[in-house]
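S.K.: Have a peek at input_8.tsv (TSV, C-alpha atoms).
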```tsv
chain	number	residue	atom	x	y	z
A	1	MET	CA	0.00	0.00	0.00
A	2	ILE	CA	1.24	3.50	-0.87
A	3	ILE	CA	0.10	6.26	1.43
A	4	LEU	CA	-0.88	9.75	0.32
A	5	TYR	CA	1.57	12.58	1.04
A	6	ASP	CA	-1.08	14.51	2.99
A	7	ILE	CA	-1.74	11.46	5.16
A	8	ILE	CA	1.96	11.06	5.91
A	9	LEU	CA	2.51	14.67	6.92
A	10	HIS	CA	-0.62	15.09	9.01
A	11	ASN	CA	-1.05	11.55	10.36
A	12	LYS	CA	-4.53	11.27	8.89
A	13	PRO	CA	-6.19	7.83	9.02
A	14	VAL	CA	-6.07	5.67	5.93
A	15	ASN	CA	-9.51	4.45	4.86
A	16	SER	CA	-8.40	2.52	1.82
A	17	SER	CA	-5.82	-0.17	1.35
A	18	ASN	CA	-5.17	0.89	-2.22
A	19	VAL	CA	-4.37	4.62	-2.06
A	20	VAL	CA	-1.80	5.68	-4.66
A	21	MET	CA	0.23	8.88	-4.65
A	22	LYS	CA	0.27	11.13	-7.69
A	23	ASP	CA	3.63	12.01	-9.20
A	24	TYR	CA	3.61	15.57	-7.86
A	25	GLU	CA	2.85	14.24	-4.37
A	26	VAL	CA	5.81	11.89	-4.57
A	27	ARG	CA	8.01	14.78	-5.65
A	28	GLU	CA	6.80	16.96	-2.76
A	29	LEU	CA	7.29	14.11	-0.31
A	30	LEU	CA	10.88	13.54	-1.41
A	31	ARG	CA	11.62	17.25	-1.33
A	32	GLU	CA	10.17	17.50	2.18
A	33	HIS	CA	12.38	14.62	3.35
A	34	ARG	CA	15.51	16.20	1.86
A	35	GLU	CA	14.85	19.63	3.33
A	36	LYS	CA	14.06	18.31	6.81
A	37	GLY	CA	16.69	15.58	6.83
A	38	ILE	CA	14.10	12.82	7.26
A	39	ARG	CA	15.34	9.31	6.49
A	40	ASP	CA	12.34	7.03	6.08
A	41	SER	CA	13.73	4.56	3.59
A	42	ASP	CA	10.83	2.12	3.58
A	43	LEU	CA	8.41	4.90	2.76
A	44	ILE	CA	10.62	6.30	-0.02
A	45	ILE	CA	10.93	2.90	-1.70
A	46	GLU	CA	7.21	2.30	-1.36
A	47	ALA	CA	6.35	5.69	-2.83
A	48	THR	CA	8.82	5.67	-5.73
A	49	GLU	CA	9.14	2.08	-6.93
A	50	SER	CA	6.44	2.42	-9.59
A	51	LEU	CA	7.71	5.87	-10.60
A	52	LEU	CA	11.36	4.87	-11.00
A	53	PRO	CA	11.29	3.48	-14.59
A	54	LYS	CA	9.89	6.76	-15.96
A	55	LEU	CA	11.69	9.14	-13.61
A	56	GLU	CA	14.14	10.52	-16.18
A	57	SER	CA	11.27	11.43	-18.52
A	58	ARG	CA	9.32	13.44	-15.94
A	59	GLY	CA	11.03	16.72	-16.89
A	60	TRP	CA	11.98	17.62	-13.31
A	61	GLY	CA	15.34	19.05	-14.33
A	62	ASN	CA	18.34	18.76	-12.04
A	63	GLU	CA	16.10	17.64	-9.17
A	64	THR	CA	15.81	14.31	-10.98
A	65	TRP	CA	19.36	13.40	-10.00
A	66	LEU	CA	18.83	14.42	-6.39
A	67	ILE	CA	15.82	12.11	-6.35
A	68	PHE	CA	17.81	9.26	-7.89
A	69	GLU	CA	20.43	9.72	-5.17
A	70	GLN	CA	17.75	9.82	-2.47
A	71	ILE	CA	16.11	6.64	-3.74
A	72	TYR	CA	19.52	4.99	-4.04
A	73	ILE	CA	20.35	5.57	-0.36
A	74	ALA	CA	16.90	4.33	0.64
A	75	ALA	CA	17.39	1.21	-1.49
A	76	LEU	CA	20.67	0.45	0.27
A	77	ASP	CA	18.96	0.83	3.64
A	78	CYS	CA	16.23	-1.60	2.55
A	79	HIS	CA	18.58	-4.05	0.79
A	80	ARG	CA	16.78	-3.47	-2.48
A	81	TRP	CA	19.83	-4.09	-4.63
A	82	ASP	CA	17.78	-4.09	-7.85
A	83	ILE	CA	16.59	-0.53	-7.24
A	84	ALA	CA	20.05	0.55	-6.07
A	85	ARG	CA	21.67	-0.76	-9.26
A	86	LEU	CA	19.07	0.99	-11.42
A	87	CYS	CA	19.64	4.32	-9.66
A	88	LEU	CA	23.42	4.02	-9.78
A	89	ARG	CA	23.30	3.15	-13.47
A	90	SER	CA	21.23	6.27	-14.19
A	91	LEU	CA	23.53	8.48	-12.12
A	92	ASP	CA	26.62	6.97	-13.75
A	93	GLY	CA	25.11	7.70	-17.16
A	94	GLN	CA	24.66	11.37	-16.29
A	95	PHE	CA	27.78	11.77	-14.14
A	96	PRO	CA	30.33	9.08	-15.11
A	97	VAL	CA	31.82	7.48	-12.04
A	98	VAL	CA	35.34	7.95	-13.38
A	99	ASN	CA	34.85	11.73	-13.21
A	100	SER	CA	32.38	12.22	-10.35
A	101	ILE	CA	33.62	11.88	-6.77
A	102	ARG	CA	30.03	12.08	-5.55
A	103	VAL	CA	28.96	9.07	-7.61
A	104	ARG	CA	32.09	7.18	-6.54
A	105	LYS	CA	31.07	7.73	-2.93
A	106	LEU	CA	27.66	6.29	-3.72
A	107	GLU	CA	29.32	3.30	-5.35
A	108	ALA	CA	31.47	2.79	-2.24
A	109	GLN	CA	28.36	2.88	-0.07
A	110	HIS	CA	26.95	0.05	-2.16
A	111	PHE	CA	30.10	-1.97	-1.46
A	112	GLU	CA	29.65	-1.26	2.26
A	113	ALA	CA	26.00	-2.27	2.23
A	114	THR	CA	26.89	-5.59	0.60
A	115	SER	CA	29.76	-6.13	3.10
A	116	ASP	CA	32.44	-5.77	0.41
A	117	TYR	CA	34.54	-3.71	2.81
A	118	ASP	CA	37.86	-4.14	0.99
A	119	GLN	CA	36.43	-2.69	-2.20
A	120	ALA	CA	34.77	0.16	-0.28
A	121	LEU	CA	38.03	0.99	1.50
A	122	GLU	CA	39.84	1.04	-1.83
A	123	VAL	CA	37.37	3.55	-3.28
A	124	TYR	CA	37.46	5.80	-0.21
A	125	THR	CA	41.26	5.69	-0.13
A	126	ASP	CA	41.43	6.64	-3.81
A	127	ILE	CA	39.11	9.59	-3.21
A	128	LEU	CA	41.17	10.76	-0.23
A	129	GLU	CA	44.29	10.81	-2.36
A	130	VAL	CA	42.56	13.44	-4.50
A	131	GLU	CA	40.56	15.12	-1.70
A	132	PRO	CA	42.45	14.52	1.58
A	133	ALA	CA	40.09	16.81	3.51
A	134	ASP	CA	36.96	14.87	2.54
A	135	ALA	CA	35.35	14.33	5.95
A	136	PHE	CA	32.72	11.92	4.63
A	137	CYS	CA	35.25	9.44	3.25
A	138	ARG	CA	37.37	9.59	6.37
A	139	LYS	CA	34.35	8.85	8.54
A	140	ARG	CA	33.26	6.01	6.30
A	141	LYS	CA	36.71	4.43	6.61
A	142	ILE	CA	36.42	4.64	10.39
A	143	ALA	CA	32.96	3.06	10.23
A	144	ILE	CA	34.37	0.19	8.15
A	145	PHE	CA	37.16	-0.44	10.66
A	146	LEU	CA	34.57	-0.57	13.44
A	147	ALA	CA	32.32	-2.89	11.42
A	148	THR	CA	35.20	-5.28	10.85
A	149	GLY	CA	36.34	-5.25	14.48
A	150	GLN	CA	39.53	-3.26	13.87
A	151	THR	CA	39.05	-1.01	16.89
A	152	ALA	CA	42.71	0.02	17.22
A	153	GLN	CA	42.82	1.13	13.58
A	154	ALA	CA	39.50	2.97	14.00
A	155	ILE	CA	40.91	4.85	17.01
A	156	LYS	CA	44.02	5.80	15.05
A	157	GLU	CA	42.00	7.04	12.08
A	158	LEU	CA	39.57	8.93	14.29
A	159	ALA	CA	42.40	10.60	16.23
A	160	ASP	CA	43.99	11.67	12.92
A	161	TYR	CA	40.63	12.93	11.71
A	162	LEU	CA	40.22	15.11	14.81
A	163	LYS	CA	43.58	16.75	14.20
A	164	GLN	CA	41.98	18.36	11.15
A	165	PHE	CA	38.35	18.59	12.28
A	166	GLN	CA	38.67	19.63	15.91
A	167	THR	CA	35.14	21.05	16.16
A	168	ASP	CA	33.41	17.78	15.30
A	169	HIS	CA	31.69	17.11	18.62
A	170	GLU	CA	30.22	13.78	17.56
A	171	ALA	CA	33.68	12.53	16.59
A	172	TRP	CA	35.07	13.45	20.03
A	173	LEU	CA	32.21	11.58	21.69
A	174	GLU	CA	32.79	8.55	19.48
A	175	LEU	CA	36.51	8.56	20.25
A	176	SER	CA	35.75	8.83	23.95
A	177	SER	CA	33.44	5.80	23.72
A	178	LEU	CA	36.09	3.80	21.89
A	179	TYR	CA	38.68	4.62	24.55
A	180	ILE	CA	36.20	3.56	27.25
A	181	ASP	CA	35.69	0.26	25.45
A	182	GLU	CA	39.46	-0.19	25.59
A	183	TYR	CA	39.55	0.83	29.31
A	184	ASP	CA	41.75	3.82	28.49
A	185	TYR	CA	39.94	6.23	30.78
A	186	ASN	CA	42.61	8.96	30.77
A	187	LYS	CA	42.28	9.44	27.02
A	188	ALA	CA	38.50	9.15	27.24
A	189	ALA	CA	38.51	11.93	29.84
A	190	PHE	CA	40.72	14.05	27.57
A	191	CYS	CA	38.11	13.81	24.81
A	192	LEU	CA	35.41	15.05	27.16
A	193	GLU	CA	37.67	17.86	28.36
A	194	GLU	CA	37.95	19.03	24.75
A	195	LEU	CA	34.16	18.98	24.45
A	196	ILE	CA	33.68	20.89	27.70
A	197	LEU	CA	36.14	23.54	26.55
A	198	SER	CA	34.26	23.99	23.28
A	199	ASN	CA	30.80	23.93	24.86
A	200	PRO	CA	30.91	24.43	28.63
A	201	HIS	CA	27.13	24.78	28.91
A	202	HIS	CA	26.28	21.28	27.65
A	203	HIS	CA	25.17	19.35	30.73
A	204	LEU	CA	25.68	15.93	29.13
A	205	TYR	CA	29.39	16.60	28.55
A	206	HIS	CA	29.85	17.35	32.26
A	207	GLN	CA	27.83	14.26	33.17
A	208	ARG	CA	29.87	12.00	30.87
A	209	TYR	CA	33.15	13.42	32.19
A	210	ALA	CA	31.96	12.88	35.78
A	211	GLU	CA	31.11	9.26	34.97
A	212	ILE	CA	34.60	8.63	33.63
A	213	LYS	CA	36.22	10.18	36.70
A	214	TYR	CA	33.90	8.19	38.97
A	215	THR	CA	34.98	5.00	37.20
A	216	GLN	CA	38.65	5.85	37.64
A	217	GLY	CA	38.16	6.19	41.38
A	218	GLY	CA	40.43	7.73	43.98
A	219	VAL	CA	39.79	10.83	46.08
A	220	GLU	CA	40.95	13.35	43.49
A	221	ASN	CA	38.95	11.79	40.68
A	222	MET	CA	35.91	11.40	42.93
A	223	GLU	CA	36.03	15.09	43.84
A	224	LEU	CA	36.20	15.99	40.15
A	225	SER	CA	33.34	13.63	39.50
A	226	ARG	CA	31.14	15.19	42.19
A	227	ARG	CA	31.90	18.72	40.92
A	228	HIS	CA	30.99	17.90	37.34
A	229	TYR	CA	27.89	15.99	38.36
A	230	ALA	CA	26.89	19.06	40.37
A	231	HIS	CA	27.55	21.34	37.41
A	232	ALA	CA	25.48	19.09	35.16
A	233	VAL	CA	22.62	19.39	37.68
A	234	LYS	CA	23.07	23.17	37.73
A	235	LEU	CA	22.80	23.30	33.94
A	236	ASN	CA	19.88	20.86	33.87
A	237	PRO	CA	18.11	20.49	37.23
A	238	VAL	CA	16.01	17.53	35.99
A	239	ASN	CA	19.01	15.43	34.96
A	240	MET	CA	18.27	12.42	37.15
A	241	ARG	CA	21.41	10.55	36.14
A	242	ALA	CA	23.57	13.48	37.25
A	243	LEU	CA	21.67	13.74	40.53
A	244	TYR	CA	22.27	10.06	41.24
A	245	GLY	CA	25.93	10.48	40.31
A	246	MET	CA	26.29	13.48	42.58
A	247	TYR	CA	24.66	11.54	45.41
A	248	LEU	CA	26.92	8.52	44.98
A	249	ALA	CA	30.16	10.52	44.58
A	250	SER	CA	29.31	12.66	47.63
A	251	THR	CA	28.48	9.54	49.64
A	252	ILE	CA	31.84	7.95	48.83
A	253	LEU	CA	33.74	11.14	49.73
A	254	ALA	CA	31.77	11.58	52.96
A	255	GLY	CA	32.79	8.08	54.05
A	256	SER	CA	36.41	8.21	52.89
A	257	PRO	CA	39.14	8.09	55.56
A	258	LYS	CA	41.47	10.02	53.21
A	259	VAL	CA	39.62	13.35	53.31
A	260	SER	CA	39.39	16.02	55.97
A	261	ALA	CA	36.56	16.34	58.46
A	262	LYS	CA	35.34	19.47	56.69
A	263	CYS	CA	35.28	17.65	53.35
A	264	LYS	CA	33.26	14.84	54.92
A	265	LYS	CA	30.81	17.29	56.40
A	266	ASP	CA	30.40	19.19	53.12
A	267	ASN	CA	29.90	16.04	51.07
A	268	SER	CA	27.43	14.71	53.58
A	269	LYS	CA	25.37	17.87	52.95
A	270	TYR	CA	25.71	17.46	49.19
A	271	ALA	CA	24.55	13.84	49.39
A	272	THR	CA	21.58	14.78	51.57
A	273	TRP	CA	20.60	17.55	49.16
A	274	ALA	CA	20.88	15.26	46.13
A	275	ALA	CA	18.85	12.53	47.82
A	276	LYS	CA	16.16	15.08	48.67
A	277	LYS	CA	15.98	16.27	45.06
A	278	ILE	CA	15.78	12.70	43.76
A	279	ALA	CA	12.95	11.91	46.17
A	280	GLU	CA	11.11	15.10	45.18
A	281	MET	CA	11.38	14.26	41.49
A	282	TYR	CA	10.12	10.71	42.01
A	283	ALA	CA	7.29	12.02	44.19
A	284	GLU	CA	6.00	13.95	41.16
A	285	ILE	CA	5.73	10.72	39.15
A	286	PRO	CA	2.54	8.62	39.57
A	287	HIS	CA	3.17	5.45	41.58
A	288	TYR	CA	3.48	2.21	39.66
A	289	ASP	CA	1.32	-0.73	40.49
A	290	ASN	CA	2.59	-3.72	42.44
A	291	GLU	CA	3.24	-5.86	39.38
A	292	GLY	CA	6.98	-5.29	39.26
A	293	GLY	CA	7.12	-1.48	39.15
A	294	GLN	CA	8.85	0.61	41.79
A	295	THR	CA	7.02	3.16	43.92
A	296	THR	CA	8.39	6.40	45.31
A	297	ASP	CA	8.69	4.77	48.74
A	298	SER	CA	10.90	2.02	47.36
A	299	ILE	CA	13.18	4.57	45.67
A	300	ILE	CA	13.54	6.49	48.95
A	301	ALA	CA	14.28	3.22	50.74
A	302	ILE	CA	17.07	2.48	48.29
A	303	LEU	CA	18.61	5.90	48.93
A	304	ASP	CA	18.28	5.43	52.68
A	305	SER	CA	20.11	2.10	52.40
A	306	LEU	CA	23.17	3.89	51.05
A	307	GLN	CA	24.26	5.14	54.45
A	308	ILE	CA	27.00	7.74	54.75
A	309	ASN	CA	29.81	6.65	57.01
A	310	ASN	CA	31.07	9.66	58.94
A	311	SER	CA	33.78	7.81	60.82
A	312	THR	CA	37.35	9.07	60.45
```
Go ahead and express the file in the form of structure tokens.

M.R.:
Amino acid sequence: MIILYDIILHNKPVNSSNVVMKDYEVRELLREHREKGIRDSDLIIEATESLLPKLESRGWGNETWLIFEQIYIAALDCHRWDIARLCLRSLDGQFPVVNSIRVRKLEAQHFEATSDYDQALEVYTDILEVEPADAFCRKRKIAIFLATGQTAQAIKELADYLKQFQTDHEAWLELSSLYIDEYDYNKAAFCLEELILSNPHHHLYHQRYAEIKYTQGGVENMELSRRHYAHAVKLNPVNMRALYGMYLASTILAGSPKVSAKCKKDNSKYATWAAKKIAEMYAEIPHYDNEGGQTTDSIIAILDSLQINNST
């Protein structure tokens, strides 16, 4: 069944099981997806499969090739290799792959989708020899290394990539995750420090950094962890994960024999405050039933069980 464009956009109920989109509706749908960055591959294939054989004759100008590219990516997502080959053949006819880097990238994506990683790497490497600053190809190479279990090589490539593209926040987060997977917490923390420097008001960066420091352990790291958890809560007061982290880090510091009496007293206050905020937030949530869900009382009981040891 193909759904009307108006139904898709406005979530209107479908009364017929045989509703077909008109060509102009398909065109508007595809344009809407491109402009808004929507990636609904199943829908695109469903809406365009019957249109594809006559697409070049529709007289849609240069937009025709954008649509071919859009359908091609959707076909790869859906493993519709027949549609992907048809689109690539049409694009290659208009923009020969030997001359078009963009079409070569599409060809490499086909190799990736069919798990021909060696061939995909060869294409991306060839493109990078001509365009060494091509971020897309460098990222695709990293993705291939991760897909094939070559984590060390992926880390090396990603670190090299960030030497040129230092403002790519997603890349820093990915590198941090890879270092965590390798238990290299110092380097993972460094990645988060770079992110905090570039965007100090992002509460999730402070939370992630606090989690790494909490994992590393030790008084100094635990103090850093508590501070960054607290800052994450300051930036986003409803960040429950940061509140829990602040409570746990403060509890550990309040019971540590390696800190001063004043530090214990201060952290005891911080832990009490965090526990109060957690209880208040859970109190605002309707109680679950007794079929496996937790109630506010049970959450408070869990917090109460984490007693703070004030002994020196």

S.K.: Using all atoms listed in the file, which of A:Lys139, A:Arg89, A:Arg31, A:His202 sits nearest A:Glu63?

M.R.: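 For A:Glu63, the nearest of the candidates is A:Arg31.
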
S.K.: Would you mind telling me which residue in A:Leu178, A:Ala254, A:Cys191, A:Val238 lies nearest to A:His203 when using all atoms listed in the file?

M.R.: A:Val238

S.K.: Just give me the gap between atom CA of A:Asp126 and atom CA of A:Trp65 in Å, one decimal is fine.

M.R.: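 Separation between atom CA of A:Asp126 and atom CA of A:Trp65: 23.9 Å.
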
S.K.: Which of these, A:Leu146, A:Val219, A:Ile180, A:Val130, has the shortest distance to A:Asn99 once you count all atoms listed in the file?

M.R.: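 Checking each of A:Leu146, A:Val219, A:Ile180, A:Val130 against A:Asn99, counting all atoms listed in the file, the winner is A:Val130.
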
S.K.: In Å, how far is it from atom CA of A:Ala210 to atom CA of A:Ala261?

M.R.: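 For atom CA of A:Ala210 relative to atom CA of A:Ala261, the distance reads 23.4 Å.
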
S.K.: I need the residue nearest A:Lys264 from this list: A:Glu223, A:Asn236, A:Glu49, A:Gly59. Use all atoms listed in the file for the distance.

M.R.: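 Closest candidate: A:Glu223.
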
S.K.: I'd like the interatomic distance between atom CA of A:Ala271 and atom CA of A:Tyr247, to a tenth of an Å.

M.R.: 4.6 Å

S.K.: Residues proximal to (7.6, 10.6, -4.1) were defined as those with any atom within 9 Å of that point in the file's coordinates, counting only C-alpha atoms. Which are they, as a list in words?

M.R.: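 Every polymer residue passing the test: Tyr5, Met21, Lys22, Asp23, Tyr24, Glu25, Val26, Arg27, Glu28, Leu29, Leu30, Arg31, Leu43, Ile44, Ile45, Glu46, Ala47, Thr48, Leu51 and Ile67 of chain A.
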
S.K.: Just the selected residues (C-alpha atoms), exported as a short mmCIF file (atom, residue, chain, number, x, y, z; two decimals), in the coordinates of the input, please.

M.R.:
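Contents of part_33.cif, as written:
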```cif
data_model
loop_
_atom_site.label_atom_id
_atom_site.label_comp_id
_atom_site.auth_asym_id
_atom_site.auth_seq_id
_atom_site.Cartn_x
_atom_site.Cartn_y
_atom_site.Cartn_z
CA TYR A 5 1.57 12.58 1.04
CA MET A 21 0.23 8.88 -4.65
CA LYS A 22 0.27 11.13 -7.69
CA ASP A 23 3.63 12.01 -9.20
CA TYR A 24 3.61 15.57 -7.86
CA GLU A 25 2.85 14.24 -4.37
CA VAL A 26 5.81 11.89 -4.57
CA ARG A 27 8.01 14.78 -5.65
CA GLU A 28 6.80 16.96 -2.76
CA LEU A 29 7.29 14.11 -0.31
CA LEU A 30 10.88 13.54 -1.41
CA ARG A 31 11.62 17.25 -1.33
CA LEU A 43 8.41 4.90 2.76
CA ILE A 44 10.62 6.30 -0.02
CA ILE A 45 10.93 2.90 -1.70
CA GLU A 46 7.21 2.30 -1.36
CA ALA A 47 6.35 5.69 -2.83
CA THR A 48 8.82 5.67 -5.73
CA LEU A 51 7.71 5.87 -10.60
CA ILE A 67 15.82 12.11 -6.35
#
```

S.K.: Could you give me, as a list in words, the residues within 9 Å of A:Glu69, counting all atoms listed in the file and dropping anything in the same chain fewer than 5 positions from it?

M.R.: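 Once the adjacent positions are removed, what remains is Thr64, Ala74, Cys87, Leu88, Leu91, Val103 and Leu106 of chain A.
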
S.K.: Taking 6 positions as the minimum chain separation for residues in the same chain, which residues sit within 9 Å of A:Arg140 when counting all atoms listed in the file? Answer as a list of chain:residue names.

M.R.: A:Gln109, A:Ala120, A:Leu121, A:Tyr124

S.K.: Can you work out which one of A:Ala188, A:Met222, A:Ala135, A:Ala143 has the shortest atom-to-atom distance to A:Tyr161, counting all atoms listed in the file?

M.R.: A:Ala135

S.K.: Could you give me, as a list in words, the residues within 10 Å of A:Asp77, counting all atoms listed in the file and dropping anything in the same chain fewer than 6 positions from it?

M.R.: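 Surrounding residues, per the criterion: Arg39, Asp40, Ser41, Asp42, Ile45, Ile71, Ala84, His110 and Ala113 of chain A.
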
S.K.: Do you know which residues are at most 12 Å from A:Ala232 counting only C-alpha atoms, after dropping those on the same chain fewer than 5 positions away, and could you put them as a PyMOL selection string?

M.R.: chain A and resi 196+200-211+225-227+237-246

S.K.: Restricting the calculation to all atoms listed in the file: of A:Ser198, A:Gln216, A:Gln119, A:Ser268, which residue gets closest to A:Trp172?

M.R.: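 Of A:Ser198, A:Gln216, A:Gln119, A:Ser268, the one nearest A:Trp172 is A:Ser198, counting all atoms listed in the file.
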